[in-house]
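With PDB, C-alpha atoms inside, this is coords_7.pdb:
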```
MODEL        1
ATOM      1  CA  MET P   1      36.307  61.639 -45.872
ATOM      2  CA  LYS P   2      38.742  61.728 -42.990
ATOM      3  CA  SER P   3      38.686  64.789 -40.780
ATOM      4  CA  LEU P   4      41.614  67.199 -40.783
ATOM      5  CA  ALA P   5      42.348  66.279 -37.174
ATOM      6  CA  SER P   6      42.506  62.603 -38.102
ATOM      7  CA  LYS P   7      44.930  63.324 -40.926
ATOM      8  CA  LEU P   8      47.216  65.399 -38.680
ATOM      9  CA  LEU P   9      47.374  62.940 -35.774
ATOM     10  CA  PRO P  10      50.528  60.779 -35.641
ATOM     11  CA  LYS P  11      49.866  57.158 -36.564
ATOM     12  CA  SER P  12      50.992  55.910 -33.143
ATOM     13  CA  LEU P  13      48.421  58.141 -31.448
ATOM     14  CA  LYS P  14      45.643  57.178 -33.877
ATOM     15  CA  ASP P  15      46.396  53.489 -33.275
ATOM     16  CA  LYS P  16      46.235  54.065 -29.525
ATOM     17  CA  ILE P  17      42.873  55.833 -29.801
ATOM     18  CA  THR P  18      41.250  53.331 -32.172
ATOM     19  CA  GLY P  19      42.563  50.421 -30.135
ATOM     20  CA  SER P  20      41.215  51.731 -26.838
ATOM     21  CA  ASP P  21      38.396  49.934 -25.060
ATOM     22  CA  LEU P  22      36.274  53.100 -25.073
ATOM     23  CA  PHE P  23      36.575  53.502 -28.860
ATOM     24  CA  THR P  24      35.933  49.845 -29.717
ATOM     25  CA  ARG P  25      32.992  49.656 -27.307
ATOM     26  CA  ARG P  26      31.427  52.717 -28.950
ATOM     27  CA  GLN P  27      31.973  51.229 -32.413
ATOM     28  CA  ALA P  28      30.558  47.894 -31.298
ATOM     29  CA  ARG P  29      27.457  49.595 -29.914
ATOM     30  CA  ALA P  30      26.924  51.442 -33.207
ATOM     31  CA  LEU P  31      27.254  48.203 -35.191
ATOM     32  CA  ALA P  32      24.886  46.377 -32.855
ATOM     33  CA  ALA P  33      22.227  48.977 -33.651
ATOM     34  CA  SER P  34      22.803  48.752 -37.404
ATOM     35  CA  SER P  35      24.535  46.108 -39.535
ATOM     36  CA  LYS P  36      24.983  43.687 -36.622
ATOM     37  CA  ARG P  37      21.339  43.658 -35.531
ATOM     38  CA  ILE P  38      20.169  40.079 -35.283
ATOM     39  CA  ASP P  39      17.444  40.510 -37.926
ATOM     40  CA  ILE P  40      20.019  41.778 -40.454
ATOM     41  CA  CYS P  41      22.536  39.054 -39.626
ATOM     42  CA  SER P  42      19.774  36.440 -39.855
ATOM     43  CA  ALA P  43      18.982  37.673 -43.362
ATOM     44  CA  GLN P  44      22.668  37.386 -44.331
ATOM     45  CA  PHE P  45      22.842  33.853 -42.995
ATOM     46  CA  ALA P  46      19.586  32.778 -44.623
ATOM     47  CA  HIS P  47      20.773  34.219 -47.944
ATOM     48  CA  ILE P  48      23.985  32.191 -48.088
ATOM     49  CA  LEU P  49      22.375  29.023 -46.729
ATOM     50  CA  HIS P  50      19.740  29.309 -49.450
ATOM     51  CA  LEU P  51      22.258  29.910 -52.253
ATOM     52  CA  ALA P  52      24.388  26.982 -51.083
ATOM     53  CA  LYS P  53      21.373  24.696 -50.575
ATOM     54  CA  HIS P  54      23.076  24.002 -47.267
ATOM     55  CA  PRO P  55      21.825  21.301 -44.871
ATOM     56  CA  PRO P  56      20.451  22.361 -41.456
ATOM     57  CA  LEU P  57      22.792  23.297 -38.607
ATOM     58  CA  GLU P  58      20.685  21.492 -35.988
ATOM     59  CA  GLY P  59      22.979  19.745 -33.513
ATOM     60  CA  LYS P  60      26.141  20.864 -35.331
ATOM     61  CA  ILE P  61      29.351  22.281 -33.884
ATOM     62  CA  CYS P  62      30.115  25.576 -35.640
ATOM     63  CA  LEU P  63      33.254  27.693 -35.805
ATOM     64  CA  GLU P  64      33.299  31.368 -36.755
ATOM     65  CA  VAL P  65      36.546  32.819 -38.133
ATOM     66  CA  GLY P  66      37.023  36.467 -37.163
ATOM     67  CA  ALA P  67      33.986  37.053 -34.959
ATOM     68  CA  GLY P  68      34.804  40.734 -34.402
ATOM     69  CA  TRP P  69      33.324  43.212 -31.946
ATOM     70  CA  VAL P  70      29.719  41.970 -32.068
ATOM     71  CA  LEU P  71      28.955  38.237 -31.868
ATOM     72  CA  THR P  72      25.591  38.357 -33.622
ATOM     73  CA  HIS P  73      26.310  35.695 -36.226
ATOM     74  CA  ALA P  74      27.039  33.269 -33.394
ATOM     75  CA  LEU P  75      23.565  34.055 -32.019
ATOM     76  CA  VAL P  76      22.091  33.212 -35.429
ATOM     77  CA  CYS P  77      23.765  29.789 -35.312
ATOM     78  CA  TYR P  78      22.160  29.321 -31.901
ATOM     79  CA  LEU P  79      18.756  30.211 -33.368
ATOM     80  CA  LEU P  80      19.367  27.602 -36.068
ATOM     81  CA  GLY P  81      19.828  24.915 -33.413
ATOM     82  CA  ALA P  82      23.624  24.583 -33.372
ATOM     83  CA  GLN P  83      24.845  22.428 -30.493
ATOM     84  CA  LYS P  84      27.877  24.674 -29.972
ATOM     85  CA  VAL P  85      29.402  27.770 -31.583
ATOM     86  CA  ILE P  86      33.084  28.631 -31.227
ATOM     87  CA  ALA P  87      33.616  32.293 -32.128
ATOM     88  CA  THR P  88      37.314  33.037 -32.705
ATOM     89  CA  ASP P  89      39.577  36.051 -33.105
ATOM     90  CA  ILE P  90      43.331  36.601 -33.262
ATOM     91  CA  THR P  91      43.035  39.253 -30.553
ATOM     92  CA  HIS P  92      40.320  39.892 -27.976
ATOM     93  CA  ARG P  93      37.748  42.122 -29.694
ATOM     94  CA  ALA P  94      34.259  41.118 -28.619
ATOM     95  CA  HIS P  95      31.961  43.249 -26.470
ATOM     96  CA  PRO P  96      29.152  40.863 -25.481
ATOM     97  CA  GLU P  97      27.192  43.551 -23.611
ATOM     98  CA  VAL P  98      26.176  45.243 -26.898
ATOM     99  CA  LEU P  99      24.253  42.125 -27.947
ATOM    100  CA  THR P 100      21.379  43.435 -25.855
ATOM    101  CA  THR P 101      21.042  46.185 -28.467
ATOM    102  CA  ALA P 102      21.512  43.771 -31.390
ATOM    103  CA  VAL P 103      18.575  41.701 -30.134
ATOM    104  CA  SER P 104      16.244  44.332 -28.633
ATOM    105  CA  GLU P 105      16.340  46.719 -31.613
ATOM    106  CA  ALA P 106      15.603  44.004 -34.179
ATOM    107  CA  VAL P 107      12.234  43.318 -35.766
ATOM    108  CA  ASP P 108      11.754  40.011 -33.985
ATOM    109  CA  SER P 109       9.515  38.409 -36.614
ATOM    110  CA  ILE P 110      12.291  38.633 -39.231
ATOM    111  CA  PRO P 111      14.764  36.178 -37.651
ATOM    112  CA  ARG P 112      11.942  33.751 -36.861
ATOM    113  CA  ASP P 113      10.438  33.808 -40.336
ATOM    114  CA  ILE P 114      13.562  34.141 -42.481
ATOM    115  CA  LEU P 115      15.334  31.289 -40.701
ATOM    116  CA  ALA P 116      12.286  29.002 -40.714
ATOM    117  CA  PRO P 117      13.283  27.148 -43.927
ATOM    118  CA  PHE P 118      16.417  25.960 -42.091
ATOM    119  CA  SER P 119      14.982  25.027 -38.683
ATOM    120  CA  ASN P 120      11.655  24.492 -36.937
ATOM    121  CA  HIS P 121       9.756  27.798 -36.659
ATOM    122  CA  ALA P 122       8.413  27.075 -33.172
ATOM    123  CA  GLU P 123      11.870  26.151 -31.901
ATOM    124  CA  ILE P 124      13.375  29.307 -33.430
ATOM    125  CA  ARG P 125      10.701  31.325 -31.620
ATOM    126  CA  GLU P 126      11.541  29.582 -28.336
ATOM    127  CA  ARG P 127      15.262  30.248 -28.792
ATOM    128  CA  PHE P 128      14.638  33.868 -29.753
ATOM    129  CA  ASP P 129      12.498  34.347 -26.647
ATOM    130  CA  ARG P 130      15.421  33.075 -24.595
ATOM    131  CA  LEU P 131      17.715  35.646 -26.235
ATOM    132  CA  THR P 132      15.294  38.471 -25.446
ATOM    133  CA  SER P 133      15.083  37.307 -21.826
ATOM    134  CA  ILE P 134      18.815  37.894 -21.303
ATOM    135  CA  ARG P 135      19.079  41.323 -19.684
ATOM    136  CA  HIS P 136      22.848  41.616 -19.530
ATOM    137  CA  TYR P 137      24.877  39.721 -22.086
ATOM    138  CA  SER P 138      28.267  38.428 -20.962
ATOM    139  CA  PHE P 139      30.642  35.656 -21.964
ATOM    140  CA  GLU P 140      29.146  33.568 -19.152
ATOM    141  CA  GLU P 141      25.593  34.068 -20.482
ATOM    142  CA  LEU P 142      26.766  33.157 -23.977
ATOM    143  CA  ALA P 143      28.394  29.992 -22.659
ATOM    144  CA  ASN P 144      25.035  29.046 -21.124
ATOM    145  CA  ILE P 145      23.519  28.875 -24.626
ATOM    146  CA  GLY P 146      26.499  27.077 -26.153
ATOM    147  CA  ILE P 147      28.530  30.015 -27.521
ATOM    148  CA  GLU P 148      32.231  29.973 -26.636
ATOM    149  CA  TYR P 149      34.425  32.977 -27.372
ATOM    150  CA  SER P 150      38.048  32.041 -28.104
ATOM    151  CA  ALA P 151      40.394  35.014 -28.530
ATOM    152  CA  GLY P 152      44.139  34.927 -29.098
ATOM    153  CA  ILE P 153      43.895  32.069 -31.576
ATOM    154  CA  ASP P 154      45.579  32.392 -34.982
ATOM    155  CA  LEU P 155      44.081  29.657 -37.147
ATOM    156  CA  ALA P 156      46.745  30.272 -39.797
ATOM    157  CA  ARG P 157      49.272  28.969 -37.256
ATOM    158  CA  THR P 158      47.286  26.301 -35.434
ATOM    159  CA  ILE P 159      44.454  23.838 -35.993
ATOM    160  CA  SER P 160      41.395  24.086 -33.776
ATOM    161  CA  THR P 161      41.630  21.672 -30.873
ATOM    162  CA  GLU P 162      37.974  20.770 -31.397
ATOM    163  CA  ARG P 163      36.677  19.177 -34.577
ATOM    164  CA  VAL P 164      33.702  21.006 -36.048
ATOM    165  CA  ASP P 165      30.945  20.421 -38.578
ATOM    166  CA  PHE P 166      30.559  23.928 -40.013
ATOM    167  CA  ILE P 167      32.936  26.883 -40.451
ATOM    168  CA  TYR P 168      31.896  30.347 -41.596
ATOM    169  CA  SER P 169      33.193  33.903 -41.978
ATOM    170  CA  PHE P 170      31.735  37.239 -43.059
ATOM    171  CA  SER P 171      34.119  39.780 -44.618
ATOM    172  CA  VAL P 172      37.159  38.267 -42.902
ATOM    173  CA  LEU P 173      39.292  36.334 -45.394
ATOM    174  CA  GLU P 174      40.137  39.473 -47.378
ATOM    175  CA  HIS P 175      41.945  40.787 -44.274
ATOM    176  CA  VAL P 176      44.247  37.757 -44.009
ATOM    177  CA  PRO P 177      47.777  38.540 -45.279
ATOM    178  CA  VAL P 178      48.471  36.779 -48.575
ATOM    179  CA  ALA P 179      51.274  34.695 -47.068
ATOM    180  CA  ASP P 180      48.851  33.228 -44.482
ATOM    181  CA  VAL P 181      45.815  32.457 -46.643
ATOM    182  CA  ARG P 182      46.770  28.950 -47.745
ATOM    183  CA  ASN P 183      47.835  27.859 -44.236
ATOM    184  CA  LEU P 184      44.622  29.245 -42.763
ATOM    185  CA  LEU P 185      42.349  27.414 -45.173
ATOM    186  CA  GLU P 186      44.287  24.154 -44.887
ATOM    187  CA  ASN P 187      44.042  24.352 -41.090
ATOM    188  CA  LEU P 188      40.322  25.043 -41.317
ATOM    189  CA  VAL P 189      39.792  21.993 -43.512
ATOM    190  CA  ALA P 190      41.827  19.927 -41.040
ATOM    191  CA  SER P 191      39.458  21.141 -38.289
ATOM    192  CA  LEU P 192      36.387  19.897 -40.160
ATOM    193  CA  ASN P 193      34.815  16.555 -39.478
ATOM    194  CA  PRO P 194      34.367  14.343 -42.559
ATOM    195  CA  GLY P 195      31.421  15.696 -44.533
ATOM    196  CA  GLY P 196      31.790  19.087 -42.858
ATOM    197  CA  THR P 197      31.239  22.357 -44.703
ATOM    198  CA  MET P 198      32.542  25.926 -44.921
ATOM    199  CA  LEU P 199      30.809  29.103 -46.077
ATOM    200  CA  HIS P 200      32.917  32.242 -46.555
ATOM    201  CA  CYS P 201      31.670  35.661 -47.675
ATOM    202  CA  ILE P 202      34.679  37.573 -49.031
ATOM    203  CA  HIS P 203      34.734  41.314 -49.776
ATOM    204  CA  LEU P 204      37.349  42.112 -52.445
ATOM    205  CA  GLU P 205      37.203  45.914 -52.458
ATOM    206  CA  ASP P 206      39.608  48.543 -51.099
ATOM    207  CA  HIS P 207      38.353  48.958 -47.525
ATOM    208  CA  ARG P 208      39.384  52.608 -47.357
ATOM    209  CA  ASP P 209      36.550  53.780 -49.610
ATOM    210  CA  PHE P 210      33.844  51.385 -50.775
ATOM    211  CA  ASP P 211      31.769  54.060 -52.511
ATOM    212  CA  ARG P 212      34.057  55.892 -54.934
ATOM    213  CA  ASN P 213      37.545  54.369 -54.987
ATOM    214  CA  SER P 214      36.940  50.735 -54.180
ATOM    215  CA  LEU P 215      39.580  49.427 -56.610
ATOM    216  CA  ASP P 216      42.333  52.001 -56.040
ATOM    217  CA  PHE P 217      44.524  49.694 -53.985
ATOM    218  CA  LEU P 218      45.144  47.514 -57.054
ATOM    219  CA  GLY P 219      47.556  50.167 -58.339
ATOM    220  CA  ILE P 220      49.812  50.383 -55.267
ATOM    221  CA  ALA P 221      53.286  48.926 -55.789
ATOM    222  CA  SER P 222      53.849  45.667 -53.930
ATOM    223  CA  ASP P 223      56.977  46.952 -52.162
ATOM    224  CA  ARG P 224      54.795  49.623 -50.528
ATOM    225  CA  TYR P 225      51.825  47.371 -49.870
ATOM    226  CA  THR P 226      52.828  45.995 -46.501
ATOM    227  CA  ARG P 227      51.416  43.123 -44.462
ATOM    228  CA  GLU P 228      49.704  45.739 -42.272
ATOM    229  CA  LEU P 229      47.977  47.241 -45.324
ATOM    230  CA  GLU P 230      46.894  43.772 -46.450
ATOM    231  CA  THR P 231      45.195  43.392 -43.071
ATOM    232  CA  ASN P 232      43.648  46.864 -42.953
ATOM    233  CA  TRP P 233      42.752  47.613 -46.578
ATOM    234  CA  GLY P 234      42.417  44.114 -48.035
ATOM    235  CA  ASN P 235      44.863  41.532 -49.342
ATOM    236  CA  ARG P 236      44.030  42.285 -53.024
ATOM    237  CA  ILE P 237      43.543  38.600 -53.955
ATOM    238  CA  ARG P 238      41.222  38.497 -56.962
ATOM    239  CA  MET P 239      38.423  36.054 -57.748
ATOM    240  CA  SER P 240      40.417  33.667 -59.960
ATOM    241  CA  GLU P 241      43.148  33.349 -57.311
ATOM    242  CA  TRP P 242      40.595  32.613 -54.597
ATOM    243  CA  GLU P 243      39.183  29.909 -56.858
ATOM    244  CA  LYS P 244      42.632  28.326 -57.237
ATOM    245  CA  VAL P 245      43.347  28.414 -53.521
ATOM    246  CA  PHE P 246      40.073  26.697 -52.669
ATOM    247  CA  GLU P 247      40.362  24.187 -55.528
ATOM    248  CA  ASN P 248      43.760  23.102 -54.201
ATOM    249  CA  LEU P 249      42.441  22.197 -50.751
ATOM    250  CA  ALA P 250      42.890  18.426 -50.614
ATOM    251  CA  GLY P 251      39.831  16.293 -49.991
ATOM    252  CA  THR P 252      37.318  19.068 -50.653
ATOM    253  CA  ARG P 253      34.932  20.305 -53.314
ATOM    254  CA  THR P 254      34.245  24.043 -53.711
ATOM    255  CA  GLU P 255      31.763  26.151 -55.636
ATOM    256  CA  LEU P 256      31.133  29.879 -55.868
ATOM    257  CA  ILE P 257      27.558  30.567 -54.774
ATOM    258  CA  TYR P 258      27.603  34.267 -55.769
ATOM    259  CA  THR P 259      29.842  36.879 -57.379
ATOM    260  CA  TYR P 260      29.180  40.623 -57.537
ATOM    261  CA  LEU P 261      30.912  43.237 -59.728
ATOM    262  CA  ARG P 262      31.812  46.934 -59.454
ATOM    263  CA  ALA P 263      31.487  48.300 -62.984
ATOM    264  CA  ASP P 264      30.754  51.832 -61.773
ATOM    265  CA  VAL P 265      34.189  52.751 -60.398
ATOM    266  CA  PRO P 266      37.455  53.327 -62.287
ATOM    267  CA  LEU P 267      40.349  50.902 -62.307
ATOM    268  CA  PRO P 268      43.827  52.288 -61.633
ATOM    269  CA  THR P 269      45.707  53.296 -64.801
ATOM    270  CA  ALA P 270      48.216  50.543 -64.012
ATOM    271  CA  ILE P 271      47.651  47.324 -62.033
ATOM    272  CA  ASP P 272      50.512  46.288 -59.777
ATOM    273  CA  PRO P 273      52.311  43.302 -61.415
ATOM    274  CA  SER P 274      52.157  41.271 -58.190
ATOM    275  CA  ILE P 275      48.371  40.979 -58.548
ATOM    276  CA  LYS P 276      47.273  37.858 -60.387
ATOM    277  CA  TYR P 277      44.074  38.110 -62.380
ATOM    278  CA  ARG P 278      42.348  36.710 -65.443
ATOM    279  CA  ASP P 279      40.634  39.729 -67.001
ATOM    280  CA  GLU P 280      38.832  42.977 -66.186
ATOM    281  CA  ILE P 281      35.837  41.142 -64.727
ATOM    282  CA  ASP P 282      38.236  39.321 -62.425
ATOM    283  CA  LEU P 283      39.672  42.660 -61.264
ATOM    284  CA  ARG P 284      36.237  44.191 -60.792
ATOM    285  CA  THR P 285      34.711  41.319 -58.821
ATOM    286  CA  SER P 286      33.871  42.856 -55.467
ATOM    287  CA  HIS P 287      32.195  40.032 -53.491
ATOM    288  CA  LEU P 288      32.439  36.244 -53.428
ATOM    289  CA  GLY P 289      30.442  33.578 -51.681
ATOM    290  CA  VAL P 290      32.422  30.342 -51.358
ATOM    291  CA  TYR P 291      30.945  26.985 -50.338
ATOM    292  CA  THR P 292      33.372  24.158 -49.540
ATOM    293  CA  ARG P 293      32.494  20.572 -48.612
ATOM    294  CA  LYS P 294      34.937  18.097 -47.116
ATOM    295  CA  SER P 295      34.807  14.494 -48.310
ATOM    296  CA  LYS P 296      33.172  11.965 -46.005
TER     297      LYS P 296
ENDMDL
END
```

What is this file in structure tokens?
Amino acid sequence: MKSLASKLLPKSLKDKITGSDLFTRRQARALAASSKRIDICSAQFAHILHLAKHPPLEGKICLEVGAGWVLTHALVCYLLGAQKVIATDITHRAHPEVLTTAVSEAVDSIPRDILAPFSNHAEIRERFDRLTSIRHYSFEELANIGIEYSAGIDLARTISTERVDFIYSFSVLEHVPVADVRNLLENLVASLNPGGTMLHCIHLEDHRDFDRNSLDFLGIASDRYTRELETNWGNRIRMSEWEKVFENLAGTRTELIYTYLRADVPLPTAIDPSIKYRDEIDLRTSHLGVYTRKSK
């Protein structure tokens, strides 16, 4: 629940507060100690690599779409032996200094063991030891281990200047405005080397309230559901539409590696007509894992 003070503050002032360096740094630090700890992010990565039966990332060039405040998933690619990781964002968001927390507060045996099916265990241990030896994380330190942070890049408007072997995102594509989704994915495919792959974890719920009202936004009229709301609350694209978008990417083959449902929350009494869906299961699908391979 939002506090009374938060509700009463003008939107311009709230935006100024939540966009401040002090606020984002505090949020980044909290994430680094929780969901962005390297043991947790390693488990996420291992899970999707396992479901996709994905080949190793050893020696690969990787690109992360929407890296966010904490660049832990890029560190996981490093642990898996990636030659280079390009972590991207539309605006500058990352706070590399909080990675010290993401690494130091993790149970160190978990990344080593859970990633072992996808790389050599001894080499993962050696790489993890290097991460723990870094006392003060910075963009320069990340560059030393092959992680490049590229902010101010809108991949819906431009193709990466560097060709890559692997592209991934975690809870990012649902924040892309509907009008930009096709361009983004086509540009990502164009950035892939022949035989390259993409893994995207997409969260289809209303981002205002995951627990009790995670499907409420499906009832908001399209003329009131602005591009800003698509970015903040979710673009409302349902499973069947995501399938169509990926299936129409030329020169690729896509499969869904997981789908999760929310059967425990109510649907709106009326679904906005702009939302395309197949059935109630389609509306209630809350998470998708999408694996795309580009032809060689």

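Near Ala28 (chain P), within 9 Å and counting only C-alpha atoms, sit Phe23, Ala33, Lys36, Gly68, Trp69, Val70, Ala94, His95 and Val98 of chain P, not including residues fewer than 5 positions from it in the same chain.
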
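Take the candidates P:Tyr258, P:Phe45, P:Trp242, P:Trp233 and check each one against Ala116 (chain P) using all atoms listed in the file; the shortest distance goes to P:Phe45.
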
All residues 9 Å or closer to Arg37 (chain P), only C-alpha atoms, same chain fewer than 6 positions away omitted, as JSON, numbers by chain: {"P": [31, 72, 99, 101, 102, 103, 104, 105, 106]}

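Candidate residues P:Asp272, P:Glu243, P:Asp264, P:Asp129 were compared for distance to Val290 (chain P), and the nearest is P:Glu243, using all atoms listed in the file.
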
Shell around Arg236 (chain P) at 12 Å using all atoms listed in the file, local window under 3 positions removed, as JSON, numbers by chain: {"P": [173, 174, 175, 176, 177, 178, 181, 202, 203, 204, 205, 206, 207, 214, 215, 216, 217, 218, 219, 220, 221, 222, 225, 226, 227, 229, 230, 231, 232, 233, 239, 240, 241, 242, 271, 272, 273, 274, 275, 276, 277, 282, 283, 284, 285, 286]}

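Applied to the file shown here, the PyMOL selection byres ((chain P and resi 89) around 7) selects Val65, Gly66, Ala67, Gly68, Thr88, Ile90, Thr91, His92, Ser150, Ala151, Gly152 and Ile153 of chain P.
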
If we count only C-alpha atoms, what is near Ser42 (chain P) at a cut-off of 8 Å, once residues fewer than 3 positions away on the same chain are taken out, given as an mmCIF file with C-alpha atoms, in the frame of the given file?
```cif
data_model
loop_
_atom_site.group_PDB
_atom_site.id
_atom_site.type_symbol
_atom_site.label_atom_id
_atom_site.label_comp_id
_atom_site.auth_asym_id
_atom_site.auth_seq_id
_atom_site.Cartn_x
_atom_site.Cartn_y
_atom_site.Cartn_z
ATOM 1 C CA ILE P 38 20.169 40.079 -35.283
ATOM 2 C CA ASP P 39 17.444 40.510 -37.926
ATOM 3 C CA PHE P 45 22.842 33.853 -42.995
ATOM 4 C CA ALA P 46 19.586 32.778 -44.623
ATOM 5 C CA HIS P 73 26.310 35.695 -36.226
ATOM 6 C CA VAL P 76 22.091 33.212 -35.429
ATOM 7 C CA ILE P 110 12.291 38.633 -39.231
ATOM 8 C CA PRO P 111 14.764 36.178 -37.651
ATOM 9 C CA ILE P 114 13.562 34.141 -42.481
ATOM 10 C CA LEU P 115 15.334 31.289 -40.701
#
```

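CA of Arg93 (chain P) is found 15.1 Å from CA of Tyr137 (chain P).
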
Neighbour residues at most 10 Å from (30.5, 27.6, -27.5) (all atoms listed in the file) as number ranges by chain: P: 61-63, 74, 78, 82-87, 139, 142-150

Spatial neighbours of Thr197 (chain P), max dist 7 Å, only C-alpha atoms, sep filter under 5 positions, as a list in words: Asp165, Phe166, Ile167, Thr292, Arg293 and Lys294 of chain P

Ground truth for the PyMOL selection byres ((chain P and resi 159-162) around 10), written as a ChimeraX atom specification: /P:61,63,86,88,153-158,163-164,183-184,186-193

Store the residues of this selection in a file with C-alpha atoms, as a short mmCIF file (atom, residue, chain, number, x, y, z; two decimals), in the frame of the given file.
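What ended up in result28.cif:
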```cif
data_model
loop_
_atom_site.label_atom_id
_atom_site.label_comp_id
_atom_site.auth_asym_id
_atom_site.auth_seq_id
_atom_site.Cartn_x
_atom_site.Cartn_y
_atom_site.Cartn_z
CA ILE P 61 29.35 22.28 -33.88
CA LEU P 63 33.25 27.69 -35.80
CA ILE P 86 33.08 28.63 -31.23
CA THR P 88 37.31 33.04 -32.70
CA ILE P 153 43.90 32.07 -31.58
CA ASP P 154 45.58 32.39 -34.98
CA LEU P 155 44.08 29.66 -37.15
CA ALA P 156 46.74 30.27 -39.80
CA ARG P 157 49.27 28.97 -37.26
CA THR P 158 47.29 26.30 -35.43
CA ARG P 163 36.68 19.18 -34.58
CA VAL P 164 33.70 21.01 -36.05
CA ASN P 183 47.84 27.86 -44.24
CA LEU P 184 44.62 29.24 -42.76
CA GLU P 186 44.29 24.15 -44.89
CA ASN P 187 44.04 24.35 -41.09
CA LEU P 188 40.32 25.04 -41.32
CA VAL P 189 39.79 21.99 -43.51
CA ALA P 190 41.83 19.93 -41.04
CA SER P 191 39.46 21.14 -38.29
CA LEU P 192 36.39 19.90 -40.16
CA ASN P 193 34.82 16.56 -39.48
#
```

Residues selected by the PyMOL selection byres ((chain P and resi 291) around 9), written as a PyMOL selection string: chain P and resi 48+52+54+197-200+253-257+289-290+292-293

Restricting the output to C-alpha atoms, write the selected residues as an mmCIF file, in the coordinates of the input.
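Contents of again.cif, as written:
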```
data_model
loop_
_atom_site.group_PDB
_atom_site.id
_atom_site.type_symbol
_atom_site.label_atom_id
_atom_site.label_comp_id
_atom_site.auth_asym_id
_atom_site.auth_seq_id
_atom_site.Cartn_x
_atom_site.Cartn_y
_atom_site.Cartn_z
ATOM 1 C CA ILE P 48 23.985 32.191 -48.088
ATOM 2 C CA ALA P 52 24.388 26.982 -51.083
ATOM 3 C CA HIS P 54 23.076 24.002 -47.267
ATOM 4 C CA THR P 197 31.239 22.357 -44.703
ATOM 5 C CA MET P 198 32.542 25.926 -44.921
ATOM 6 C CA LEU P 199 30.809 29.103 -46.077
ATOM 7 C CA HIS P 200 32.917 32.242 -46.555
ATOM 8 C CA ARG P 253 34.932 20.305 -53.314
ATOM 9 C CA THR P 254 34.245 24.043 -53.711
ATOM 10 C CA GLU P 255 31.763 26.151 -55.636
ATOM 11 C CA LEU P 256 31.133 29.879 -55.868
ATOM 12 C CA ILE P 257 27.558 30.567 -54.774
ATOM 13 C CA GLY P 289 30.442 33.578 -51.681
ATOM 14 C CA VAL P 290 32.422 30.342 -51.358
ATOM 15 C CA THR P 292 33.372 24.158 -49.540
ATOM 16 C CA ARG P 293 32.494 20.572 -48.612
#
```

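If you look at CA of Phe246 (chain P) and CA of Pro56 (chain P), they are 23.0 Å away from each other.
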
Spatial sel., origin (19.3, 24.4, -34.8), limit 9 Å, only C-alpha atoms, listed as a PyMOL selection string: chain P and resi 56-60+77-83+118-120+123-124

What would region 142-150 of chain P look like with N, CA, C and O atoms in place, written as a compact mmCIF listing (two decimals), in the coordinates of the input?
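Output (selection18.txt):
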```
# COMPACT_ATOMS: atom_id res chain seq x y z
N LEU P 142 26.62 33.79 -22.66
CA LEU P 142 26.77 33.16 -23.98
C LEU P 142 27.14 31.68 -23.83
O LEU P 142 26.63 30.83 -24.57
N ALA P 143 28.01 31.39 -22.89
CA ALA P 143 28.39 29.99 -22.66
C ALA P 143 27.18 29.15 -22.25
O ALA P 143 27.09 27.97 -22.60
N ASN P 144 26.24 29.76 -21.55
CA ASN P 144 25.04 29.05 -21.12
C ASN P 144 24.18 28.60 -22.30
O ASN P 144 23.39 27.66 -22.16
N ILE P 145 24.30 29.29 -23.44
CA ILE P 145 23.52 28.88 -24.63
C ILE P 145 24.43 28.23 -25.68
O ILE P 145 24.05 28.10 -26.85
N GLY P 146 25.63 27.85 -25.26
CA GLY P 146 26.50 27.08 -26.15
C GLY P 146 27.42 27.89 -27.04
O GLY P 146 27.95 27.35 -28.02
N ILE P 147 27.63 29.17 -26.72
CA ILE P 147 28.53 30.02 -27.52
C ILE P 147 29.81 30.27 -26.73
O ILE P 147 29.77 30.84 -25.63
N GLU P 148 30.93 29.84 -27.29
CA GLU P 148 32.23 29.97 -26.64
C GLU P 148 33.07 30.98 -27.42
O GLU P 148 33.24 30.84 -28.63
N TYR P 149 33.56 31.99 -26.72
CA TYR P 149 34.42 32.98 -27.37
C TYR P 149 35.88 32.61 -27.12
O TYR P 149 36.30 32.46 -25.97
N SER P 150 36.65 32.45 -28.21
CA SER P 150 38.05 32.04 -28.10
C SER P 150 38.92 33.08 -28.79
O SER P 150 39.03 33.10 -30.02
```
